[in-house]
Amino acid sequence: MRTQVVIVGGGPSGLLLGQLLYRRGIDTVVLERKTRDYVLSRIRAGILETGFVNLMREAGVAERMDRECFVHHGTSISYENEMFDIDFRKLIGENVIVYGQTEVTRDLYDAREATGGKTIFEVENVEICGADSDAPHVTFTTEGRTQRIDCDFVAGCDGFHGVSRKTIPDTVRKDYEKVYPFGWLGVLSETPPVHDELIYANSSRGFALCSMRNENLSRYYVQCHATDHADEWSDEAFWKELKLRLPEEIADKLVTGPSIEKSIAPLRSFVSEPMRWGRLFLCGDAAHIVPPTGAKGLNTAASDVHYLHEGLMQFYEDRDSHGIDRYSEKALARIWKAEHFSWATTNMLHRFPDQSEFDLKIQRAEIEALRYHETAQMWFAQNYVGLPY
């Protein structure tokens with residue numbers, strides 16, 4: 001089998017890259033370790049930056065997103081019983097949208113099937129060979145048979161635990177990581193959202209987040225111990241703890257109900273450099289992870305897709321390798337800015353086990369600087385809606 005670009009990983013970043021390349025006449029094969037149903041069962045974030053929304057439109061898969069999404073013109077920050085708004089539209093004239101990652105992935109799968117794009121599910125033993133040569137190929141096992149795909153390039157969109165990053169030799173690759181001493185316990189419930197905008201809450205009991213998927217589907221989070229297990233938290237215990245971390249006026253309006261999904265996500269900041277080795281390119285979680293504070297994860301993957309798609313298009317249409325040669329440099333420059341925003345927001349809103357009274361005073365001063373200074377709000381708004389590509 002032969003194709004121009006093998007995409008390892010059938011999540012949203014791999015599918016979006018495939019769809020963008022298809023529209024420029026570039027052939028791809030997507031390899032996915034799980035089934036389509038399994039990929040679509042994963043519950044993930046739903047805040048999309050302006051850049052991601054524009055890429056979906058460029059890929060021709062934005063019709064349902066534009067019809068069903070919720071436009072958010074700002075967000076709310078609370079600390080103890082105080083709350084204030086950051087108005088993106090007023091500050092910088094932009095917005096974000098709420099549209100679940102599951103729905104993004106579904107739209108991309110539907111589009112790929114409609115165009116006849118080749119996707120091979122339930123692949124095992126993926127090996128990327130000859131990435132440092134002019135003739136890379138990928139081998140894998142499916143249905144008990146080993147297959148090989150020859151290609152021009154390989155896009156590693158297979159996540160933090162995938163094979164792509166590990167293909168880059170240790171002598172070439174350098175990893176940077178910070179692991180946070182807590183996690184997020186998330187609950188999905190068929191209840192109306194408590195507020196029109198997202199609420200990021202700092203309290204003496206720890207962080208909380210009030211989010212939503214639609215008018216009758218809400219997503220809530222509370223900071224928890226890194227060693228906690230989701231089944232240790234009853235619904236009753238979760239709702240009680242969430243209310244204690246919100247301003248009274250918000251807690252009094254909170255509609256509770258049975259959870260339909262409950263999970264704990266660990267928090268880490270991680271970057272692997274470089275994001276290119278020969279003809280192998282890393283995209284998304286294969287190269288970097290951010291804490292979910294500020295909703296940068298899926299959106300940073302989209303910026304990688306933008307730079308890689310532009311570079312490959314330039315290579316195939318103009319026989320110019322400048323774009324792919326600079327891919328890692330350009331992607332990492334934006335990634336580190338997103339890493340900083342996620343790290344700074346996480347530090348501002350969470351309780352850390354080793355915080356002193358001095359640290360807590362500094363944290364409160366930082367929140368109040370955001371509340372009362374327009375320059376700080378503009379920085380927050382620009383990063384939240386997404387820095388330009």
# chains A, B, ... in the order shown; residues from 1 in each chain; ligands from 1
call {"tool": "residues_around", "arguments": {"residues": "A:Arg112", "least_positions_apart": "3", "cutoff": "9 Å", "atoms": "only C-alpha atoms", "output": "compact mmCIF listing (two decimals) with N, CA and C atoms, in the first residue's frame"}}
result
# COMPACT_ATOMS: atom_id res chain seq x y z
N LEU A 15 -7.75 13.53 12.23
CA LEU A 15 -8.86 13.61 11.28
C LEU A 15 -8.93 14.99 10.63
N GLY A 18 -6.23 15.24 8.09
CA GLY A 18 -6.60 14.47 6.91
C GLY A 18 -7.62 15.18 6.04
N GLN A 19 -8.59 15.82 6.68
CA GLN A 19 -9.63 16.51 5.91
C GLN A 19 -9.07 17.74 5.20
N TYR A 22 -7.04 16.47 2.28
CA TYR A 22 -7.93 15.97 1.22
C TYR A 22 -8.42 17.10 0.33
N ASP A 107 -18.18 14.73 13.45
CA ASP A 107 -18.29 15.45 12.18
C ASP A 107 -17.12 15.13 11.25
N LEU A 108 -15.93 15.02 11.82
CA LEU A 108 -14.75 14.72 11.01
C LEU A 108 -14.77 13.28 10.48
N TYR A 109 -15.24 12.34 11.29
CA TYR A 109 -15.37 10.96 10.81
C TYR A 109 -16.40 10.88 9.68
N THR A 115 -15.99 11.24 1.90
CA THR A 115 -15.01 11.48 0.83
C THR A 115 -14.25 10.23 0.44
N GLY A 116 -14.53 9.12 1.13
CA GLY A 116 -13.84 7.87 0.81
C GLY A 116 -12.44 7.78 1.36
N GLY A 117 -12.10 8.64 2.32
CA GLY A 117 -10.78 8.59 2.93
C GLY A 117 -10.56 7.27 3.66
N LYS A 118 -9.39 6.70 3.55
CA LYS A 118 -9.11 5.38 4.12
C LYS A 118 -8.72 5.51 5.58
N THR A 119 -9.47 4.84 6.45
CA THR A 119 -9.17 4.77 7.88
C THR A 119 -9.13 3.30 8.28
call {"tool": "select_by_dssp", "arguments": {"residues": "stretch 108-222 of chain A", "states": "strand (DSSP E or B)", "output": "ChimeraX atom specification"}}
result
/A:118-120,124-129,137-142,145-150,153-156,174-189,199-202,208-214,217-222
call {"tool": "select_by_dssp", "arguments": {"residues": "stretch 54-219 of chain A", "states": "alpha helix (DSSP H)", "output": "number ranges by chain"}}
result
A: 54-58, 63-68, 88-92, 101-115, 163-167
call {"tool": "closest_atom_pairs", "arguments": {"of": "stretch 246-321 of chain A", "to": "stretch 31-48 of chain A", "cutoff": "8 Å", "atoms": "only C-alpha atoms", "output": "tab-separated table"}}
result
residue	atom	partner	partner_atom	distance
A:Ala295	CA	A:Ile47	CA	6.1
A:Leu298	CA	A:Ala45	CA	7.7
A:Asn299	CA	A:Leu48	CA	6.5
call {"tool": "residues_around", "arguments": {"residues": "A:Glu124", "least_positions_apart": "4", "cutoff": "8 Å", "atoms": "only C-alpha atoms", "output": "list of chain:residue names"}}
result
A:Arg33, A:Phe140, A:Thr141, A:Thr142
call {"tool": "residues_around", "arguments": {"residues": "stretch 252-267 of chain A", "least_positions_apart": "5", "cutoff": "8 Å", "atoms": "only C-alpha atoms", "output": "list in words"}}
result
Val179, Tyr180, Pro181, Phe182, Gly183, Trp184, Leu185, Gly186, Val187, Leu188, Ser189, Glu190, Thr191, Pro192, Pro193, Val194, Ala226, Asp228, His229, Ala230, Asp235, Trp239, Lys243, Val290, Pro291 and Pro292 of chain A
call {"tool": "write_last_selection", "arguments": {"atoms": "C-alpha atoms", "output": "mmCIF file, in the first residue's frame"}}
result
data_model
loop_
_atom_site.group_PDB
_atom_site.id
_atom_site.type_symbol
_atom_site.label_atom_id
_atom_site.label_comp_id
_atom_site.auth_asym_id
_atom_site.auth_seq_id
_atom_site.Cartn_x
_atom_site.Cartn_y
_atom_site.Cartn_z
ATOM 1 C CA VAL A 179 3.284 17.069 37.221
ATOM 2 C CA TYR A 180 0.727 18.775 39.472
ATOM 3 C CA PRO A 181 -0.124 17.324 42.891
ATOM 4 C CA PHE A 182 -3.878 17.091 42.229
ATOM 5 C CA GLY A 183 -6.437 16.062 39.638
ATOM 6 C CA TRP A 184 -9.846 17.160 38.371
ATOM 7 C CA LEU A 185 -12.895 15.101 39.244
ATOM 8 C CA GLY A 186 -15.377 15.693 36.423
ATOM 9 C CA VAL A 187 -19.091 14.931 36.339
ATOM 10 C CA LEU A 188 -21.392 15.064 33.324
ATOM 11 C CA SER A 189 -25.089 15.451 34.169
ATOM 12 C CA GLU A 190 -28.318 16.001 32.291
ATOM 13 C CA THR A 191 -29.007 19.285 34.066
ATOM 14 C CA PRO A 192 -29.203 22.892 32.859
ATOM 15 C CA PRO A 193 -25.993 24.918 33.234
ATOM 16 C CA VAL A 194 -25.841 27.047 36.353
ATOM 17 C CA ALA A 226 -4.121 12.955 42.841
ATOM 18 C CA ASP A 228 -8.481 9.767 44.513
ATOM 19 C CA HIS A 229 -10.593 7.353 42.464
ATOM 20 C CA ALA A 230 -13.856 8.407 40.814
ATOM 21 C CA ASP A 235 -22.944 12.000 43.393
ATOM 22 C CA TRP A 239 -22.582 18.134 44.496
ATOM 23 C CA LYS A 243 -21.573 24.023 46.082
ATOM 24 C CA VAL A 290 -1.387 21.235 29.122
ATOM 25 C CA PRO A 291 -3.506 21.307 32.284
ATOM 26 C CA PRO A 292 -7.172 21.682 31.312
#
call {"tool": "closest_residue", "arguments": {"among": "A:Asp87, A:Thr3, A:Glu80, A:Val104", "to": "A:Arg57", "atoms": "only C-alpha atoms"}}
result
A:Val104
call {"tool": "residues_around", "arguments": {"residues": "A:Gly74", "least_positions_apart": "3", "cutoff": "10 Å", "atoms": "only C-alpha atoms", "output": "VMD selection string"}}
result
chain A and resid 71 85 to 91 94 to 96 196 to 199 381 384 to 385
call {"tool": "write_last_selection", "arguments": {"atoms": "C-alpha atoms", "output": "JSON list (two decimals), in the first residue's frame"}}
result
[["chain", "number", "residue", "atom", "x", "y", "z"],
["A", 71, "VAL", "CA", -21.11, 31.30, 21.43],
["A", 85, "ASP", "CA", -16.68, 38.70, 34.42],
["A", 86, "ILE", "CA", -14.07, 39.00, 31.69],
["A", 87, "ASP", "CA", -15.82, 40.24, 28.54],
["A", 88, "PHE", "CA", -13.89, 39.01, 25.50],
["A", 89, "ARG", "CA", -16.11, 40.84, 23.04],
["A", 90, "LYS", "CA", -15.64, 44.18, 24.80],
["A", 91, "LEU", "CA", -11.91, 43.71, 25.37],
["A", 94, "GLU", "CA", -13.65, 38.02, 19.76],
["A", 95, "ASN", "CA", -15.29, 34.98, 21.32],
["A", 96, "VAL", "CA", -14.99, 31.23, 21.83],
["A", 196, "ASP", "CA", -24.51, 31.51, 30.94],
["A", 197, "GLU", "CA", -20.71, 31.56, 30.88],
["A", 198, "LEU", "CA", -18.10, 29.22, 32.33],
["A", 199, "ILE", "CA", -17.18, 29.87, 35.96],
["A", 381, "ALA", "CA", -8.82, 37.30, 26.87],
["A", 384, "TYR", "CA", -8.22, 32.35, 26.11],
["A", 385, "VAL", "CA", -9.68, 32.94, 22.65]]
call {"tool": "residues_around", "arguments": {"residues": "stretch 334-350 of chain A", "least_positions_apart": "2", "cutoff": "6 Å", "atoms": "only C-alpha atoms", "output": "list in words"}}
result
Asn202, Gly206, Phe207, Thr293, Gly294, Ala331, Leu332 and Gln363 of chain A
call {"tool": "decode", "arguments": {"residues": "stretch 158-176 of chain A", "atoms": "N, CA and C atoms", "output": "mmCIF file, in the first residue's frame"}}
result
data_model
loop_
_atom_site.group_PDB
_atom_site.id
_atom_site.type_symbol
_atom_site.label_atom_id
_atom_site.label_comp_id
_atom_site.auth_asym_id
_atom_site.auth_seq_id
_atom_site.Cartn_x
_atom_site.Cartn_y
_atom_site.Cartn_z
ATOM 1 N N ASP A 158 -0.979 10.507 17.629
ATOM 2 C CA ASP A 158 -1.434 9.362 18.421
ATOM 3 C C ASP A 158 -1.318 9.561 19.924
ATOM 4 N N GLY A 159 -1.273 10.789 20.381
ATOM 5 C CA GLY A 159 -1.396 11.061 21.804
ATOM 6 C C GLY A 159 -0.132 10.817 22.614
ATOM 7 N N PHE A 160 -0.264 11.094 23.898
ATOM 8 C CA PHE A 160 0.870 11.054 24.817
ATOM 9 C C PHE A 160 1.491 9.663 24.907
ATOM 10 N N HIS A 161 0.655 8.609 24.836
ATOM 11 C CA HIS A 161 1.150 7.245 25.000
ATOM 12 C C HIS A 161 1.429 6.545 23.671
ATOM 13 N N GLY A 162 1.337 7.281 22.567
ATOM 14 C CA GLY A 162 1.501 6.664 21.257
ATOM 15 C C GLY A 162 2.944 6.368 20.903
ATOM 16 N N VAL A 163 3.116 5.767 19.741
ATOM 17 C CA VAL A 163 4.434 5.321 19.298
ATOM 18 C C VAL A 163 5.245 6.443 18.638
ATOM 19 N N SER A 164 4.577 7.486 18.170
ATOM 20 C CA SER A 164 5.257 8.479 17.321
ATOM 21 C C SER A 164 6.387 9.195 18.046
ATOM 22 N N ARG A 165 6.093 9.752 19.226
ATOM 23 C CA ARG A 165 7.146 10.476 19.932
ATOM 24 C C ARG A 165 8.316 9.564 20.281
ATOM 25 N N LYS A 166 8.009 8.325 20.668
ATOM 26 C CA LYS A 166 9.054 7.385 21.066
ATOM 27 C C LYS A 166 9.923 6.950 19.885
ATOM 28 N N THR A 167 9.460 7.217 18.662
ATOM 29 C CA THR A 167 10.256 6.896 17.483
ATOM 30 C C THR A 167 11.466 7.825 17.364
ATOM 31 N N ILE A 168 11.329 9.041 17.878
ATOM 32 C CA ILE A 168 12.444 9.990 17.827
ATOM 33 C C ILE A 168 13.497 9.546 18.844
ATOM 34 N N PRO A 169 14.742 9.358 18.446
ATOM 35 C CA PRO A 169 15.758 8.836 19.359
ATOM 36 C C PRO A 169 15.949 9.707 20.603
ATOM 37 N N ASP A 170 16.273 9.077 21.718
ATOM 38 C CA ASP A 170 16.506 9.792 22.969
ATOM 39 C C ASP A 170 17.643 10.796 22.831
ATOM 40 N N THR A 171 18.569 10.518 21.936
ATOM 41 C CA THR A 171 19.699 11.421 21.729
ATOM 42 C C THR A 171 19.301 12.703 21.013
ATOM 43 N N VAL A 172 18.113 12.670 20.398
ATOM 44 C CA VAL A 172 17.604 13.826 19.653
ATOM 45 C C VAL A 172 16.520 14.553 20.455
ATOM 46 N N ARG A 173 15.693 13.794 21.141
ATOM 47 C CA ARG A 173 14.490 14.323 21.797
ATOM 48 C C ARG A 173 14.794 14.769 23.232
ATOM 49 N N LYS A 174 14.211 15.899 23.623
ATOM 50 C CA LYS A 174 14.289 16.370 25.001
ATOM 51 C C LYS A 174 12.882 16.664 25.498
ATOM 52 N N ASP A 175 12.516 16.094 26.648
ATOM 53 C CA ASP A 175 11.185 16.272 27.216
ATOM 54 C C ASP A 175 11.243 17.198 28.426
ATOM 55 N N TYR A 176 10.223 18.040 28.534
ATOM 56 C CA TYR A 176 10.079 18.955 29.665
ATOM 57 C C TYR A 176 8.728 18.661 30.330
#
